[in-house]
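S.K.: Data: my_file_0.cif, mmCIF, C-alpha atoms.
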```cif
data_my_file
loop_
_atom_site.group_PDB
_atom_site.id
_atom_site.type_symbol
_atom_site.label_atom_id
_atom_site.label_comp_id
_atom_site.auth_asym_id
_atom_site.auth_seq_id
_atom_site.Cartn_x
_atom_site.Cartn_y
_atom_site.Cartn_z
ATOM 1 C CA ARG A 98 -21.010 10.912 5.785
ATOM 2 C CA GLU A 99 -17.628 10.076 7.212
ATOM 3 C CA GLY A 100 -17.415 7.868 10.278
ATOM 4 C CA PRO A 101 -20.261 6.105 12.001
ATOM 5 C CA LEU A 102 -23.727 6.544 10.639
ATOM 6 C CA MET A 103 -25.080 5.995 14.122
ATOM 7 C CA ALA A 104 -23.351 5.305 17.395
ATOM 8 C CA THR A 105 -24.492 3.702 20.599
ATOM 9 C CA ARG A 106 -21.762 5.095 22.833
ATOM 10 C CA GLY A 107 -21.981 8.607 24.115
ATOM 11 C CA SER A 108 -25.644 8.923 23.276
ATOM 12 C CA ASN A 109 -27.913 10.323 25.921
ATOM 13 C CA PRO A 110 -31.377 8.930 25.218
ATOM 14 C CA SER A 111 -34.398 10.713 26.568
ATOM 15 C CA GLU A 112 -35.936 9.242 29.697
ATOM 16 C CA LYS A 113 -38.815 7.647 27.787
ATOM 17 C CA HIS A 114 -36.355 5.736 25.566
ATOM 18 C CA GLN A 115 -33.999 4.545 28.299
ATOM 19 C CA GLU A 116 -36.113 1.495 29.151
ATOM 20 C CA ILE A 117 -35.870 0.160 25.603
ATOM 21 C CA ASP A 118 -32.223 1.179 25.144
ATOM 22 C CA HIS A 119 -30.780 -0.763 28.038
ATOM 23 C CA LYS A 120 -32.724 -3.982 27.340
ATOM 24 C CA TRP A 121 -31.640 -4.715 23.792
ATOM 25 C CA CYS A 122 -28.367 -5.695 22.187
ATOM 26 C CA THR A 123 -26.370 -3.214 20.111
ATOM 27 C CA HIS A 124 -27.812 -4.095 16.702
ATOM 28 C CA VAL A 125 -31.387 -3.771 17.989
ATOM 29 C CA ARG A 126 -30.582 -0.369 19.541
ATOM 30 C CA LEU A 127 -29.004 0.757 16.245
ATOM 31 C CA ALA A 128 -32.047 -0.394 14.274
ATOM 32 C CA ARG A 129 -34.336 1.470 16.683
ATOM 33 C CA MET A 130 -32.211 4.599 16.326
ATOM 34 C CA ALA A 131 -32.374 4.385 12.531
ATOM 35 C CA LEU A 132 -36.151 3.984 12.547
ATOM 36 C CA MET A 133 -36.778 6.716 15.155
ATOM 37 C CA ASP A 134 -34.312 9.310 13.855
ATOM 38 C CA ASN A 135 -35.708 12.511 12.324
ATOM 39 C CA GLU A 136 -33.496 11.843 9.304
ATOM 40 C CA ARG A 137 -34.675 8.239 8.948
ATOM 41 C CA ARG A 138 -35.407 8.533 5.211
ATOM 42 C CA GLY A 139 -31.777 9.364 4.480
ATOM 43 C CA ILE A 140 -30.497 6.748 6.904
ATOM 44 C CA LEU A 141 -32.738 4.027 5.474
ATOM 45 C CA ARG A 142 -31.721 5.006 1.946
ATOM 46 C CA SER A 143 -28.044 4.774 2.981
ATOM 47 C CA ILE A 144 -28.439 1.237 4.291
ATOM 48 C CA GLU A 145 -30.601 -0.129 1.440
ATOM 49 C CA CYS A 146 -27.533 -1.720 -0.151
ATOM 50 C CA LEU A 147 -26.500 -3.602 2.981
ATOM 51 C CA HIS A 148 -27.085 -7.325 3.375
ATOM 52 C CA PRO A 149 -29.741 -8.565 3.608
ATOM 53 C CA ARG A 150 -31.498 -6.371 1.065
ATOM 54 C CA LYS A 151 -34.709 -8.315 1.667
ATOM 55 C CA LEU A 152 -35.767 -11.068 4.026
ATOM 56 C CA SER A 153 -36.147 -13.547 1.161
ATOM 57 C CA GLU A 154 -32.324 -13.561 0.851
ATOM 58 C CA LEU A 155 -32.201 -15.579 4.077
ATOM 59 C CA SER A 156 -32.746 -19.309 4.174
ATOM 60 C CA PRO A 157 -36.131 -20.328 5.619
ATOM 61 C CA GLY A 158 -34.400 -21.718 8.712
ATOM 62 C CA ALA A 159 -32.348 -18.566 9.299
ATOM 63 C CA LEU A 160 -35.423 -16.370 8.828
ATOM 64 C CA ALA A 161 -37.442 -18.447 11.296
ATOM 65 C CA LYS A 162 -34.611 -18.227 13.831
ATOM 66 C CA ALA A 163 -34.340 -14.430 13.360
ATOM 67 C CA ARG A 164 -38.111 -13.982 13.736
ATOM 68 C CA SER A 165 -38.047 -15.993 16.963
ATOM 69 C CA LYS A 166 -34.960 -14.289 18.396
ATOM 70 C CA HIS A 167 -36.106 -10.728 17.657
ATOM 71 C CA ALA A 168 -39.890 -11.050 18.106
ATOM 72 C CA LYS A 169 -40.011 -9.011 21.341
ATOM 73 C CA ALA A 170 -37.720 -6.301 20.003
ATOM 74 C CA VAL A 171 -39.692 -6.006 16.742
ATOM 75 C CA LYS A 172 -42.944 -5.674 18.685
ATOM 76 C CA ALA A 173 -41.466 -3.091 21.093
ATOM 77 C CA ILE A 174 -40.057 -0.973 18.258
ATOM 78 C CA CYS A 175 -43.324 -1.149 16.281
ATOM 79 C CA ASN A 176 -45.265 -0.085 19.396
ATOM 80 C CA GLU A 177 -42.859 2.778 20.064
ATOM 81 C CA LEU A 178 -43.113 3.992 16.471
ATOM 82 C CA GLU A 179 -46.893 3.951 16.730
ATOM 83 C CA LYS A 180 -46.890 5.829 20.075
ATOM 84 C CA ASN A 181 -44.614 8.506 18.629
ATOM 85 C CA GLU A 182 -46.846 8.851 15.574
ATOM 86 C CA VAL A 183 -44.013 7.926 13.269
ATOM 87 C CA ASN A 184 -45.187 6.325 10.049
ATOM 88 C CA PRO A 185 -45.409 2.756 11.265
ATOM 89 C CA PHE A 186 -43.265 0.196 9.519
ATOM 90 C CA SER A 187 -44.280 -3.423 9.177
ATOM 91 C CA GLY A 188 -42.803 -5.935 11.569
ATOM 92 C CA ASP A 189 -40.942 -7.521 8.649
ATOM 93 C CA PHE A 190 -39.363 -4.177 7.757
ATOM 94 C CA VAL A 191 -38.270 -3.614 11.367
ATOM 95 C CA LEU A 192 -36.790 -7.139 11.419
ATOM 96 C CA LEU A 193 -34.945 -6.404 8.168
ATOM 97 C CA ILE A 194 -33.374 -3.275 9.673
ATOM 98 C CA ILE A 195 -32.370 -5.207 12.808
ATOM 99 C CA LEU A 196 -30.705 -7.858 10.616
ATOM 100 C CA LYS A 197 -28.902 -5.220 8.537
ATOM 101 C CA MET A 198 -27.455 -3.870 11.769
ATOM 102 C CA GLN A 199 -26.648 -7.335 13.090
ATOM 103 C CA PHE A 200 -24.737 -8.287 9.945
ATOM 104 C CA ASN A 201 -23.029 -4.939 9.263
ATOM 105 C CA ALA A 202 -22.561 -2.952 12.479
ATOM 106 C CA PHE A 203 -19.680 -3.042 14.891
ATOM 107 C CA GLU A 204 -20.002 -2.504 18.630
ATOM 108 C CA GLY A 205 -19.740 1.283 18.433
ATOM 109 C CA GLY A 206 -21.869 1.961 15.370
ATOM 110 C CA LEU A 207 -22.671 1.330 11.743
ATOM 111 C CA PHE A 208 -20.022 2.370 9.244
ATOM 112 C CA ILE A 209 -21.162 2.825 5.652
ATOM 113 C CA ARG A 210 -18.242 4.466 3.831
ATOM 114 C CA MET A 211 -15.389 3.890 6.205
ATOM 115 C CA ALA A 212 -13.691 0.646 7.095
ATOM 116 C CA MET A 213 -13.113 -0.188 10.704
ATOM 117 C CA VAL A 214 -9.388 -0.672 11.077
ATOM 118 C CA ASN A 215 -7.619 -2.594 13.804
ATOM 119 C CA HIS A 216 -4.972 -0.243 15.214
ATOM 120 C CA SER A 217 -3.538 -2.861 17.539
ATOM 121 C CA SER A 218 0.194 -3.496 17.573
ATOM 122 C CA ALA A 219 -0.752 -7.186 17.216
ATOM 123 C CA PRO A 220 -3.224 -7.046 14.314
ATOM 124 C CA ASN A 221 -5.656 -9.865 13.703
ATOM 125 C CA LEU A 222 -6.233 -8.967 10.077
ATOM 126 C CA HIS A 223 -3.818 -9.155 7.158
ATOM 127 C CA LYS A 224 -4.226 -7.836 3.639
ATOM 128 C CA PHE A 225 -3.613 -10.405 0.939
ATOM 129 C CA GLN A 226 -4.143 -10.992 -2.742
ATOM 130 C CA PRO A 227 -4.702 -14.204 -4.652
ATOM 131 C CA GLY A 228 -1.406 -16.050 -4.962
ATOM 132 C CA GLY A 229 0.474 -14.049 -2.337
ATOM 133 C CA ASN A 230 0.373 -12.127 0.908
ATOM 134 C CA VAL A 231 0.699 -8.396 1.483
ATOM 135 C CA ASP A 232 4.414 -8.308 0.610
ATOM 136 C CA ARG A 233 3.672 -10.196 -2.638
ATOM 137 C CA THR A 234 5.434 -13.383 -1.601
ATOM 138 C CA ASN A 235 3.806 -16.764 -1.835
ATOM 139 C CA THR A 236 3.924 -18.443 1.549
#
```
Go through the file and emit its structure as C-alpha cells.
M.R.:
Amino acid sequence: REGPLMATRGSNPSEKHQEIDHKWCTHVRLARMALMDNERRGILRSIECLHPRKLSELSPGALAKARSKHAKAVKAICNELEKNEVNPFSGDFVLLIILKMQFNAFEGGLFIRMAMVNHSSAPNLHKFQPGGNVDRTNT
C-alpha cells in the first residue's frame, strides 16, 4: 500500500472502543488497531520485518522495562480480543506489536513503503553520503 498502513487521526472508533482509544499513547492505539482489524493477517505480515522481529532482540533490561510500561495496555488489548472472539494472541505477541509501533510509527500512522519527509522550509534532516554532504563537498 502507499501511505500510512494505519492512521490514528480522522478515525471514528465505535463507542465500545472509545474508552481504550483515548487512554493509550499512539503506538499502543496503532498496535490495537493492527490486532483488531479485519485484515489483521495482511497487516501483521506487512510488519513482520520491522524491528524488533522478536522480543529476544531486546536486551533483558529493555524487555523488562517494556513489560512494565505496557503491562496494562497488553492486558486490556488481550481482554478486548477475547471479548470480540478474535483469535487471542499471547501477551508477548501483543507486546511485540506495541514495540514495533513504538519503534517504527510516527504520530499520524505507520508507514511501511513510504518515507515520512519533512516539508518544512527549515528542514531538520539532511541527506549525506560517506565523505561528503548532499552537494558532494567535504565539510
S.K.: Work out how far CA of His167 (chain A) is from CA of Ile140 (chain A), in Å to one decimal.
M.R.: 21.3 Å
S.K.: Using only C-alpha atoms, which residues sit within 9 Å of region 199-202 of chain A once same-chain residues fewer than 6 positions away are excluded, as a PyMOL selection string?
M.R.: chain A and resi 123-125+127-128+147-149+208-209
S.K.: Go through the shown structure with the PyMOL selection byres ((chain A and resi 183-195) around 8) and write out the matching residues as a PyMOL selection string.
M.R.: chain A and resi 124-125+127-129+132-133+149-152+163-164+167+171-172+174-175+178-182+196-199
S.K.: I'd like to know which of A:Glu177, A:Ser153, A:Phe203, A:Lys162 is closest to Met130 (chain A), using all atoms listed in the file.
M.R.: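 For Met130 (chain A), the nearest of the given residues is A:Glu177.
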S.K.: Tell me, in Å to one decimal, how far CA of Arg138 (chain A) is from CA of Pro157 (chain A).
M.R.: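 Computing it gives 28.9 Å between the two atoms.
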S.K.: Axis-aligned box over every listed atom of region 184-190 of chain A, padded by 4 Å per side: centre and edges in Å to one decimal, as JSON?
M.R.:
```
{"center_x": -42.4, "center_y": -0.6, "center_z": 9.7, "size_x": 14.0, "size_y": 21.8, "size_z": 11.8}
```
S.K.: Just to confirm, what's the straight-line distance from CA of Leu155 (chain A) to CA of Asn135 (chain A) in Å (one decimal)?
M.R.: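 Distance reported for this atom pair: 29.5 Å.
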S.K.: Quick one: region 146-161 of chain A with N, CA, C and O atoms, as a JSON list (two decimals), keeping the file's coordinate frame?
M.R.:
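Output file selection.json is given in full below:
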```
[["chain", "number", "residue", "atom", "x", "y", "z"],
["A", 146, "CYS", "N", -28.46, -0.82, 0.54],
["A", 146, "CYS", "CA", -27.53, -1.72, -0.15],
["A", 146, "CYS", "C", -26.93, -2.78, 0.76],
["A", 146, "CYS", "O", -26.30, -3.72, 0.28],
["A", 147, "LEU", "N", -27.10, -2.65, 2.06],
["A", 147, "LEU", "CA", -26.50, -3.60, 2.98],
["A", 147, "LEU", "C", -27.23, -4.94, 2.98],
["A", 147, "LEU", "O", -28.44, -5.00, 2.74],
["A", 148, "HIS", "N", -26.50, -5.98, 3.28],
["A", 148, "HIS", "CA", -27.08, -7.32, 3.38],
["A", 148, "HIS", "C", -27.81, -7.47, 4.70],
["A", 148, "HIS", "O", -27.29, -7.01, 5.72],
["A", 149, "PRO", "N", -28.94, -8.07, 4.73],
["A", 149, "PRO", "CA", -29.74, -8.56, 3.61],
["A", 149, "PRO", "C", -30.58, -7.43, 3.02],
["A", 149, "PRO", "O", -31.09, -6.58, 3.75],
["A", 150, "ARG", "N", -30.69, -7.41, 1.71],
["A", 150, "ARG", "CA", -31.50, -6.37, 1.06],
["A", 150, "ARG", "C", -32.98, -6.65, 1.25],
["A", 150, "ARG", "O", -33.79, -5.75, 1.25],
["A", 151, "LYS", "N", -33.32, -7.92, 1.38],
["A", 151, "LYS", "CA", -34.71, -8.32, 1.67],
["A", 151, "LYS", "C", -34.68, -9.63, 2.44],
["A", 151, "LYS", "O", -33.71, -10.38, 2.37],
["A", 152, "LEU", "N", -35.73, -9.88, 3.18],
["A", 152, "LEU", "CA", -35.77, -11.07, 4.03],
["A", 152, "LEU", "C", -35.70, -12.36, 3.22],
["A", 152, "LEU", "O", -35.21, -13.37, 3.71],
["A", 153, "SER", "N", -36.16, -12.34, 1.99],
["A", 153, "SER", "CA", -36.15, -13.55, 1.16],
["A", 153, "SER", "C", -34.73, -14.00, 0.81],
["A", 153, "SER", "O", -34.54, -15.11, 0.33],
["A", 154, "GLU", "N", -33.72, -13.16, 1.08],
["A", 154, "GLU", "CA", -32.32, -13.56, 0.85],
["A", 154, "GLU", "C", -31.84, -14.55, 1.91],
["A", 154, "GLU", "O", -30.82, -15.20, 1.72],
["A", 155, "LEU", "N", -32.57, -14.66, 3.00],
["A", 155, "LEU", "CA", -32.20, -15.58, 4.08],
["A", 155, "LEU", "C", -32.82, -16.94, 3.82],
["A", 155, "LEU", "O", -33.90, -17.04, 3.24],
["A", 156, "SER", "N", -32.16, -17.97, 4.28],
["A", 156, "SER", "CA", -32.75, -19.31, 4.17],
["A", 156, "SER", "C", -33.98, -19.35, 5.07],
["A", 156, "SER", "O", -34.07, -18.60, 6.05],
["A", 157, "PRO", "N", -34.94, -20.23, 4.77],
["A", 157, "PRO", "CA", -36.13, -20.33, 5.62],
["A", 157, "PRO", "C", -35.79, -20.59, 7.09],
["A", 157, "PRO", "O", -36.40, -20.01, 7.99],
["A", 158, "GLY", "N", -34.80, -21.43, 7.34],
["A", 158, "GLY", "CA", -34.40, -21.72, 8.71],
["A", 158, "GLY", "C", -33.82, -20.50, 9.42],
["A", 158, "GLY", "O", -34.13, -20.23, 10.58],
["A", 159, "ALA", "N", -32.96, -19.76, 8.71],
["A", 159, "ALA", "CA", -32.35, -18.57, 9.30],
["A", 159, "ALA", "C", -33.40, -17.50, 9.57],
["A", 159, "ALA", "O", -33.37, -16.82, 10.59],
["A", 160, "LEU", "N", -34.35, -17.36, 8.64],
["A", 160, "LEU", "CA", -35.42, -16.37, 8.83],
["A", 160, "LEU", "C", -36.30, -16.74, 10.02],
["A", 160, "LEU", "O", -36.63, -15.88, 10.84],
["A", 161, "ALA", "N", -36.63, -18.00, 10.16],
["A", 161, "ALA", "CA", -37.44, -18.45, 11.30],
["A", 161, "ALA", "C", -36.71, -18.19, 12.61],
["A", 161, "ALA", "O", -37.31, -17.73, 13.59]]
```
